[in-house]
Structure formats: C-alpha cells, structure tokens
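Participant: Pasting in a structure now, in structure tokens, and then I'll have a few things to ask.
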Amino acid sequence: MTGRCRWAGVTTGFASSAATTTLGPAAVNRRHFLAGVAVAAGLVGLGEPDARAARSRAGVPVAVRQGTNMAAQLSPDGQTIALDLLGVLWLVPAVGGQAKRLTGDLFDIAQPVWSPKGDTLVFQSYREGTFDLWAIRADGTGPHRLTSGPYDHREPHFSPDGRKIAYSSDATGGYGIHVLDVATGQHTPLTTTRQEEYEPAWSPDGTRIAFVTDGTRIDVVTVVGGSRATLVTAPAGAALHSPMWTPDGADVLYTEVVGGSVPHVVESVRLMRGGTPLVTGEDVFPFRVSWHGADEYLYTADGQLRWRRLGGGAARTVPFTATVTVATGPPHARPRDFTSTAPKPVRGIGSPVLSPDGRHVAFRALNDIHLLPVGGGTPRPLTRDGWWKSDPAWSPDGTRLAYSTDRGGTLDIWVRDLRTGEDRQLTDLPDVAAGSGTWSPDGSRIAFLDHTGALYTVDHLTGAVRQVHSALFEPGRPTWSPDGEVIALAALRPHSTRFREGLNQILLVNVATGATRHVDPMPGRSIQTRGDDGPVWSPDGGRMAFVVANTLWVVDVRPDGTLAGEPRQITSEVTDAPSWSGDSRTLLYLNNGRLRLISAEGGSPRTVPVKLAWTNASSRGRVVVRAGRMWDGTSRTLSSAVDIVVDGGRITGVERAGSGLDGDVIDARDAVVIPGLIDMHNHRQMPGHGYGDRQGRLWLALGFTTTRSPGDPAYHMVEERESVQSGARVGPRYFATGEPIDGSRTYYGFTRPTFADTQLELELERAEELDYDLVKAYVRLSPERQRRVIVWAHAHGIPATSHYHYPALAFGGDGMEHMGATNRLGYSRTISLLGAGYDDVVSLFVHSGAARTPTLFNAVALFRDDDSLATDRRVRTLYPPWEYASLRRSVRTAKTTDQTARLRDLASQVAQAAAIHRAGGTIVTGTDAPIDHMAVSAHMNLRAMVAHGFTPHAALTTATSTAADVLGEPLGRIAPGCYADLVVLGADPLTDIRAAADVRQVLVAGRAHTVDELLAPFE
C-alpha cells in the first residue's frame, strides 16, 4: 500500500469517468497473517531482540548535547561530573567533552551520587521493576544492588565519611528517610511519620539530614537522637525539592516550584537559598546542586550543565556530547480487515455471567445483551435496539436480568423479566451514569456504581436509591455477602500519597453504615483489574473468586468477607471475568475470547461454544460527492469543483466536476470536503464517563471518522470494534489495544499489573488471541519487560508504544504517548516543569521516526477567548450532563482565572512538537479523551498547534495523512484506493483552523451521516 492509497488498477490524480475502477482482492485476513508471522518468528525469549524485528528498524547513533530533567553531581576531586541523561549513567569531564557511558539501557538510573573517596557511585535504578539503590565503581565495573524487595528506594546520598547512605523509601507505609550501613547492609528507618518525607541530604559534619516533607517544608533531623526542626517553609502555592547543604553547613540550597492558579501548571522554577532566589528566569531542573570549593556550585537548567558562584555573576556552561543508538524506520503497522464479507467469530464477549441454575450465560456482544444456552445453541439477542448496553446481572431466582442502557437518555439500570419479555427502567438518574449492577442475594436490591465510582443500592420494587459510599477511583464491580450486609469490590490502595500507584485490593463496605475495610488477598499482588476480574462472592457465602497474575484464584472467607484461609489457584490459563453458578460449585470465565467452565475445586476446564459471528458492514452502490472545494490531505491548497466517486466503501475516482456518473449524490458544491479526521490517543471504553451511544455520534458529528486507543478494557474494546465494523453501533473506525501492561504497581482500574515473566507471556498470548492493533507498556513495567513487549509486537506486525522515549526508542518502540504525562520517576524526561524538551528529546524522535502524540491538555486555556465549541449544539446535545458540566467548569476556569502560565506551558509544548515536525519527525494528533474533553479537545489541540507555530496545513496533516501513515491504513487522504471517510465542512480549514469543526455531514466508508441524524436520538 502506498502513501497515496492506490491499489491494483487505480491511479491517482484526476481521471475521466471511464477510469472508475472496482475494488481489487480483499485484504489479507489478519488472523492468518498473525499466525504466519508467529510461525516464522518462533517463540522469542526475554533475552536479545529477535533478529528479524531488529532488521526492520536498524540502529543509528544520535549525538545528544542537551538533556531534559537531568541530574548532575561533581566528583570529590572536582575532575568529573556524573550525569543521569536518558536514564543512563554518564561521566563527563568537568571542563566539558565527550560523555562516557557506565550503564546499559536496562538500568533506567537517576540521581547519581559519588562516594566521598570518588571511587564509587550510587544511584536509584528501575532495573528490576522497583526502584532500588545500586552501586558501581567509577570505572564502570562491578554494578550491584544495595536494596531489594517490593518497595521503592530513591534519592541516595552518601554520608561525609562514606559509611552510610541516606535514601527515601515507602517501605514503612509512606515515604520516609532511611539509612543504609554500607559495611553491614543494615537498613534503619530514621523517620516514620505519616507525612511524606524524601530527597535527603547529609550535612557536611554528618550529624544531620535535611529532607523535604510533603513538598511544603524542608526539615532537618539529627542522626543521633532524631530531633527535628524546620529549616524552610514553602510560600503558598509552591513546592520544594532537593535540599543540599552549603559547604559550611550553615544553610541549604533548594529548588522552589511555584504553581499558578491552575493545578499542575508551573509559573516558575527557582534555585533558592534561605528564601532568597539565586537563579531565576531559567528552566531549572529540580535536583541537588553539588559544590566545587566553598562558593561554586553545579546545577542543571535549560538542558545544560551550569556553574555559578554564591557571590553572583554569570553562569558558565559545561558542554558535553553523549551518543546513544535508536532504532530507525517507519512505525510498525498492519492493515485491519474492513472489507471482507467472510463471517468472523465474535471475540468481544463482555462481562459474561452464569445463570443461577448454570444453564445459561448472559453477556454483552455486538451492541446487545445475549443469552446463550450452556449446553449448546445460538446466543439470542435480548433487545435488538441501537442503544448502548452493558453489565448484565441475573436475579438470584434466574427470572430477571438487570443491565445498564441509555435507552432512557442516559445510562440507567433496567430490568428484563425473562418470562414476559417486559423491560422496566429501574433507576432514573439524569445526573449520573448507573452501571456495574449486581443483585443482592434475596433479590430485593441491586448494588451499582455511578460514573464517579460512588456505590449505591436501588430497591427492586420501589426504585428507591440510596448512596452507600462516596466516590472511589475506578472501583470494580460490586459483589454481595450472603446476608446482604456487606458489599465487596476491588479498589485501589496506593503505597503512598506521594505517588498514585498501588495495589488492587478487596474493599469491604458495610451496607448499613458505609464503613470500609481493606483486605489484601495476596500480599504484594494485585487483583488483575478493577473491572470484571473480581472479587466475586460465591452464592453460599463461603468463598470469593478473583484473578491475580492472569489466573483464577479462590479463597475461603468468613461471613464479613475477611479471609479464612490461603488462596488456591484454580486455572493456569489466561482468565478474566469469573462468575459463579448458583450452587457455588462451578465458575465461568473468559479465556482469550472463549467462555470456559471449571469446577470451583479446580481440574480441567471445558469450553462453552459461542455460535455467534459478525461480518463487516457492506457499502453498496456508487456515491458521488460533488465538492465545491476539496483538500486531499496532503496538498497545501484546495482543489475546486471536484467529484469524489465512491464505490464499495472506497474512493474510486477523484475527477473534475461534471463527471456525469450516476449514484447517490451528495451535494457539497457550497462546501469544502476534507479527509475524515483521526484522533490517535483516546479511550473509548474507559470506565467512569458513561457516554454510551452518544460517544460514537459525538466523534462523527465533530468530523472524526477514526480513533485509536492505546488502552481500554480488552473485551469491551473488542466488543466496540466488532459492533462498529458490523454496523451494530454508530461510530468512527476504531483501532485499539486492551489494557496497558503495567508493572507490579498500578493506578487505573483497567491497567494490567505484571509480576513475572511467565505472566507477561500469558498477557501477550491474550493480546494475540484478541487481535490487538497495538500494545502499550505502561508506567511501571520494567525496561526489560518493555523490551520484550516491543519485540513481541514487532514479530506480530503491530506497533508498540508507551509513556517513555528512551530506552524504548533504542528497543525499536514505535511511538510515545503525551509530551510527558505520568512517569514512575515523578517527573518526565521528555518535558521540563516549564514545558520544554531539549535536544535529547527532539533528536531522538527525529532520527528514530517514532510517532509522538502530544495530547495538549493545556489547550483548554484557549477557551478564554473562544468557547464556541462548548456552546455548540452538537456538544450540548451529545455530552452527558456530568461531562458537559465538567466542560463548562473548564471554560469558566479559563475565563475567570489567570491563564498566563498555562498558555506559556502550552506554547512550550507546541514548540517542542513543532521542532520535531519541522526536522522531519512524526507528530500525530491525540487527546487522551475522555480524560480530556471528548472530541472537543481534539479541535482545541489543532487550534493550539496553529496558535503556537504550526500552519493550519501542518496541523491538519497530523490528524489526517500523517496519522493514517502511522496506522498503516488507506485513510487520511482523498485519493483513489483510500477508504471513503470524508467530512463536509462549511469553510476552509487551511485558512482558519476553526473551520475543521464546522461539520455539515460525514461519510465513513461511503455511508453518510448528517449532523441532524447523529443528534436525533438525544434531542
């Protein structure tokens, strides 16, 4: 496939009417393609990357001369600087020059410190999947771990005599200051308060340690005796970082980060001494300084190593060059089959539940709730309507089925009487989305969650709703104790308040009082996801089932939900979404798109056949779009008076007006026709937003005909993909992966915590069977396992992406999500606190060709001067009330608070993206919706690009032809062979980028939708 969307027998450019051509052979079936690659590649272990994948993206050296958020420390003899550039430990001559690498790509090191003798360096490293302290000789030999275990150990600092190392760790239930005795290896906590204490620094005489407390103070503790005092208190709105004593021990230097009126936006970063600024007006990096003599100090800022003197004067820069290797070449991509008419087995089976008598399964598939006889037969759709549906739940007597649907306008709980076929709306809550319903054991109530994660019950007879617990962050589906007095669900328990990640544990909620209690079913491990993976209480009340490390476990419990024994592993294969039979003897679960039954005691599972298939929706008949003006997705100007000829869902000709061809005519002679827009980063199945059927209509109404998700609950993702492709649901094309693959700690309810190599292999097996379009390594996955994910993805012809640019780009990673976003370090290596990224970022993206998706959250600042989209009829109609209220709050904030810092940060981020783009790198539009405002944010991103350095043409290509190239699909252009995804606009977006939102109608594969048609069900 060429970049111009040709296929056999078709040429690009204007042609006569006789040149209209029918489609060639159907695309290769992805399942066969995938299997063939797997056979050819064989099993790839956790060692070196597979040679075939490596050849597809050859390595090239890149010389880096600036660093983003790098820390530096001068050696005791003043001759050498230790530098943590790109997660690698380097040594640079103090006078400047070529950097010498000491650690490999898998170490992911940060904040090195010299021993007083200068013969050893200690640093924090994520080599093993948690932050540990490591030591290495100054000549690069003898690297070894100093700490281990499930906790994080960060920010080491040697005592002046070299005998001890102070560091911060969350081993005591939150971050505190600990001390390691170098000779004995003994670790001793020095502070154990409920506050978060970190970034320690020894005083020159070794008697005191200064450290940060809760970001708001710099405290000092005496090593002997433990007495404490406060040295510095942050002014309102500021955070403090990285104290370092002056050589005389009389004071500390530290970094002050001043926030603005908008959370998470920085106004300034200053290097301070005792409340007095030393360095201002620079992009100061928030790490310890180091000293040369009594007056001169080394710090990092603006991508540089710099010297200054306490007495004042100009800064002096230390030049350096560090060379790394990145893989180069086009991102991996393979086509998805949108055209074949062959039936495909349904794999998108969502939230399956076994009936109490064990004879039927209810599940979500193809935009309906289906009932399947366990003994064999064809699943029967329950509603056969176009509304969104999810979360089926059997009543205890098996006569009724509850489910969530937006049939009444917003998502509510409905109940189907299976004897009469009558549906009844049980909740009527226009201001919240109601989902994840489960029946109480006596059938009198249904527990459910709203879009905020708050827990409710509703009386089945009266419809009376009562809130049981306030909002939780993305909790799992509720499950009841046999007496109806306790509800259990999966909930996040962070390790500390300093960082957001933690473990998915069982939360027990007393229904009467709302009192809660955490239960850790397997210490140090997480329930797989906070969704459908349990806990699920057995009907007899004696056990709970849940998924840990991709397999099913059962544990005996007491009536109050506390554990009465050790968990027992029931399956060894990939397991999701367990549910019990009414007699508590059998469990149903999903395995790689199959329904499986197993005894609660274990044994051999058996498959429940699901005789359900889907086919691609077909596009029949010729469509002729008569465009007054047209932009083809690449040209810098518009063409005038064009007929775009569509047949079979593809463009077969782009001709001068008046072709005379017959067919369905779309009169756009007073309009501008452009390719359908593409958002490359959003989450269409993300819990907690409740768009339902509105979402697909909203994307289309605002001109987006394709979206890509780098993370969604896997089975719900596949269900959405199959529903849209089959025509059962209205929405844009959907490219997606399942849950991002995370490390042992996690945050979002739909990420997958990974604990072992064997579990990672199960996760990748699941990705293959569910036919992911890409894979995403998330924040806490170790570098070695991230490399394994990339190698596996490339062997299967699909791209791999993450939140990190290095070492991922050395391993062949195909892209990075966000400008910076969440990072296990607590800061980013691709964007500074002031929004800048330096040569170590720009050069690596330019040389590798990897795609960067900016997700410009601060584009909401543009609402200050333009809130037209927030008042647009499409948005007012298709946003659920709670999401529209959130959008209005963003507008109000932009109009009523100072946006100076936010706009400066936005300009810095766009400048970095523009630098990559101008140098030939790959930038694509993406938004992180619905975390950012769905579809609206995509247009605000485009407007932000144009406001700060992109031309309208360049911005539009990031959401059309460039995005299509990254997807490897015939999209994003108007040319023969391309899919007929088109947007009819009222004005020219190459002149005014705001016109890209002026949508009159949209075509997906030649099927036309007017804005009125898309809005009609909700008006």
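Note on naming: chains are A, B, ... as they come in the structure tokens, residues start from 1 per chain, ligands start from 1 in the order shown.
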So that I can see what lies close to A:Leu887, please list as a list in words the residues with an atom at most 9 Å from it, counting only C-alpha atoms and leaving out residues fewer than 5 positions away in the same chain.

Facilitator: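 Non-adjacent residues within range: Ala870, Trp882, Arg892 and His933 of chain A.
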
Participant: Please produce a file of those selected residues containing C-alpha atoms, as a tab-separated table (two decimals), in the first residue's frame.

Facilitator:
```
chain	number	residue	atom	x	y	z
A	870	ALA	CA	-18.62	24.43	24.48
A	882	TRP	CA	-21.99	15.30	34.01
A	892	ARG	CA	-15.31	29.02	33.46
A	933	HIS	CA	-12.97	16.67	26.85
```

Participant: Near A:Leu597, counting only C-alpha atoms, which residues have an atom at most 8 Å away, once you skip same-chain residues fewer than 3 positions from it, shown as an MDAnalysis selection string?

Facilitator: chainID A and resid 586:589 605:608

Participant: Quick one: everything within 9 Å of A:Val324, counting only C-alpha atoms, minus sequence neighbours fewer than 4 positions away in the same chain. Send it as JSON, numbers by chain.

Facilitator: {"A": [60, 61, 62, 63, 64, 810, 844]}

Participant: May I have the residues from that selection written out with C-alpha atoms, as a PDB file, in the first residue's frame?

Facilitator:
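And here's selection.pdb as it stands now:
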```
ATOM      1  CA  VAL A  60      21.581   4.640  14.240  1.00  0.00           C
ATOM      2  CA  PRO A  61      23.799   6.645  16.626  1.00  0.00           C
ATOM      3  CA  VAL A  62      22.495  10.006  17.806  1.00  0.00           C
ATOM      4  CA  ALA A  63      24.770  12.605  19.422  1.00  0.00           C
ATOM      5  CA  VAL A  64      22.952  14.392  22.257  1.00  0.00           C
ATOM      6  CA  ALA A 810      16.565   2.019  21.397  1.00  0.00           C
ATOM      7  CA  LEU A 844      15.747  11.021  19.239  1.00  0.00           C
TER       8      LEU A 844
END
```

Participant: Return as an MDAnalysis selection string the full set of residues in stretch 604-747 of chain A whose backbone-based DSSP assignment is strand (DSSP E).

Facilitator: chainID A and resid 606:608 613:614 622:630 639:647 650:656 664:675 677:679 704:709 733:736 741:742

Participant: I'd like to know which of A:Ala166, A:Ala701, A:Met244, A:Ala238 is closest to A:Gly731, using only C-alpha atoms.

Facilitator: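 So, comparing all the options, the nearest one is A:Ala701.
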
Participant: One decimal, in Å: what's the spacing between atom CA of A:Ala171 and atom CA of A:Thr147?

Facilitator: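 Atom CA of A:Thr147 lies at a distance of 11.2 Å from atom CA of A:Ala171.
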
Participant: Could you give me, as a tab-separated table, a per-residue list for stretch 594-678 of chain A showing, wherever an atom lies at most 12 Å from an atom of stretch 955-961 of chain A, the closest pair of atoms and their distance in Å to one decimal, using only C-alpha atoms and sorting by chain then residue number from low to high?

Facilitator:
```
residue	atom	partner	partner_atom	distance
A:Trp631	CA	A:Leu956	CA	10.2
A:Asp632	CA	A:Ser961	CA	9.0
A:Gly633	CA	A:Ser961	CA	5.6
A:Thr634	CA	A:Ser961	CA	6.6
A:Ser635	CA	A:Thr957	CA	9.5
A:Arg636	CA	A:Thr957	CA	10.1
A:Ile674	CA	A:Thr960	CA	9.1
A:Pro675	CA	A:Thr960	CA	6.6
A:Gly676	CA	A:Thr960	CA	6.9
A:Leu677	CA	A:Ala959	CA	5.4
A:Ile678	CA	A:Ala959	CA	4.9
```

Participant: Can you write out the residues you just picked, keeping C-alpha atoms, as a compact mmCIF listing (two decimals), in the first residue's frame?

Facilitator:
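What follows is the written file again_14.txt:
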```
# COMPACT_ATOMS: atom_id res chain seq x y z
CA TRP A 631 -8.44 19.32 0.40
CA ASP A 632 -6.85 15.95 -0.31
CA GLY A 633 -4.99 15.56 2.99
CA THR A 634 -1.52 16.50 1.77
CA SER A 635 -1.68 19.44 -0.67
CA ARG A 636 -1.09 22.96 0.59
CA ILE A 674 -11.61 17.03 3.54
CA PRO A 675 -10.48 13.59 4.71
CA GLY A 676 -12.04 12.32 7.91
CA LEU A 677 -10.10 13.41 10.97
CA ILE A 678 -8.18 10.94 13.17
```

Participant: Could you list, as a list of chain:residue names, every residue within 7 Å of stretch 574-583 of chain A, counting only C-alpha atoms and ignoring same-chain residues fewer than 4 positions away?

Facilitator: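 Final neighbour list, sorted by chain and number: A:Ser351, A:Pro352, A:Val353, A:Leu354, A:Ser355, A:Pro356, A:Asp357, A:Gly358, A:Asp532, A:Asp533, A:Gly534, A:Val536, A:Ser538, A:Pro539, A:Val547, A:Asn550, A:Thr551, A:Leu552, A:Leu587, A:Leu588, A:Tyr589, A:Leu590, A:Asn591, A:Asn592, A:Leu762, A:Arg766.
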
Participant: Using only C-alpha atoms, determine which residues lie at most 6 Å from A:Ala201, disregarding the query and same-chain residues fewer than 2 positions distant; provide the list as a list in words.

Facilitator: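 Those residues are His157, Ile209, Ala210 and Met244 of chain A.
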
Participant: Give me, as number ranges by chain, all polymer residues having an atom no more than 9 Å from stretch 861-866 of chain A, counting only C-alpha atoms and skipping those fewer than 3 positions away in the same chain.

Facilitator: A: 857-858, 869-870, 890-896, 899-900, 902-903, 906, 940, 943-944

Participant: Please compute the atom CA of A:Gly206-atom CA of A:Phe158 distance, one decimal, in Å.

Facilitator: 9.5 Å

Participant: What's the 8 Å shell around stretch 138-141 of chain A, counting only C-alpha atoms, without same-chain residues fewer than 2 positions away, as a list in words?

Facilitator: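 These residues fall inside the cut-off: Leu102, Thr103, Gly118, Asp119, Thr120, Leu121, Ile136 and Pro143 of chain A.
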
Participant: Which one of A:Ala294, A:Leu371, A:Leu781, A:Ala800 sits closest to A:Phe755 if you count only C-alpha atoms?

Facilitator: A:Leu781

Participant: Find the distance between atom CA of A:Ala58 and atom CA of A:Gly812 and write it in Å to one decimal.

Facilitator: 8.4 Å

Participant: Which is closest to A:Val673 among A:Ala447, A:Ile644, A:Met686, A:Ala464, if we use only C-alpha atoms?

Facilitator: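 Using only C-alpha atoms, the shortest distance to A:Val673 belongs to A:Ile644.
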
Participant: Given only C-alpha atoms as the basis, pick out the residue of A:Arg752, A:Asp459, A:Val665, A:Leu372 nearest to A:Ala549.

Facilitator: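 That would be A:Arg752, the residue with the smallest distance to A:Ala549.
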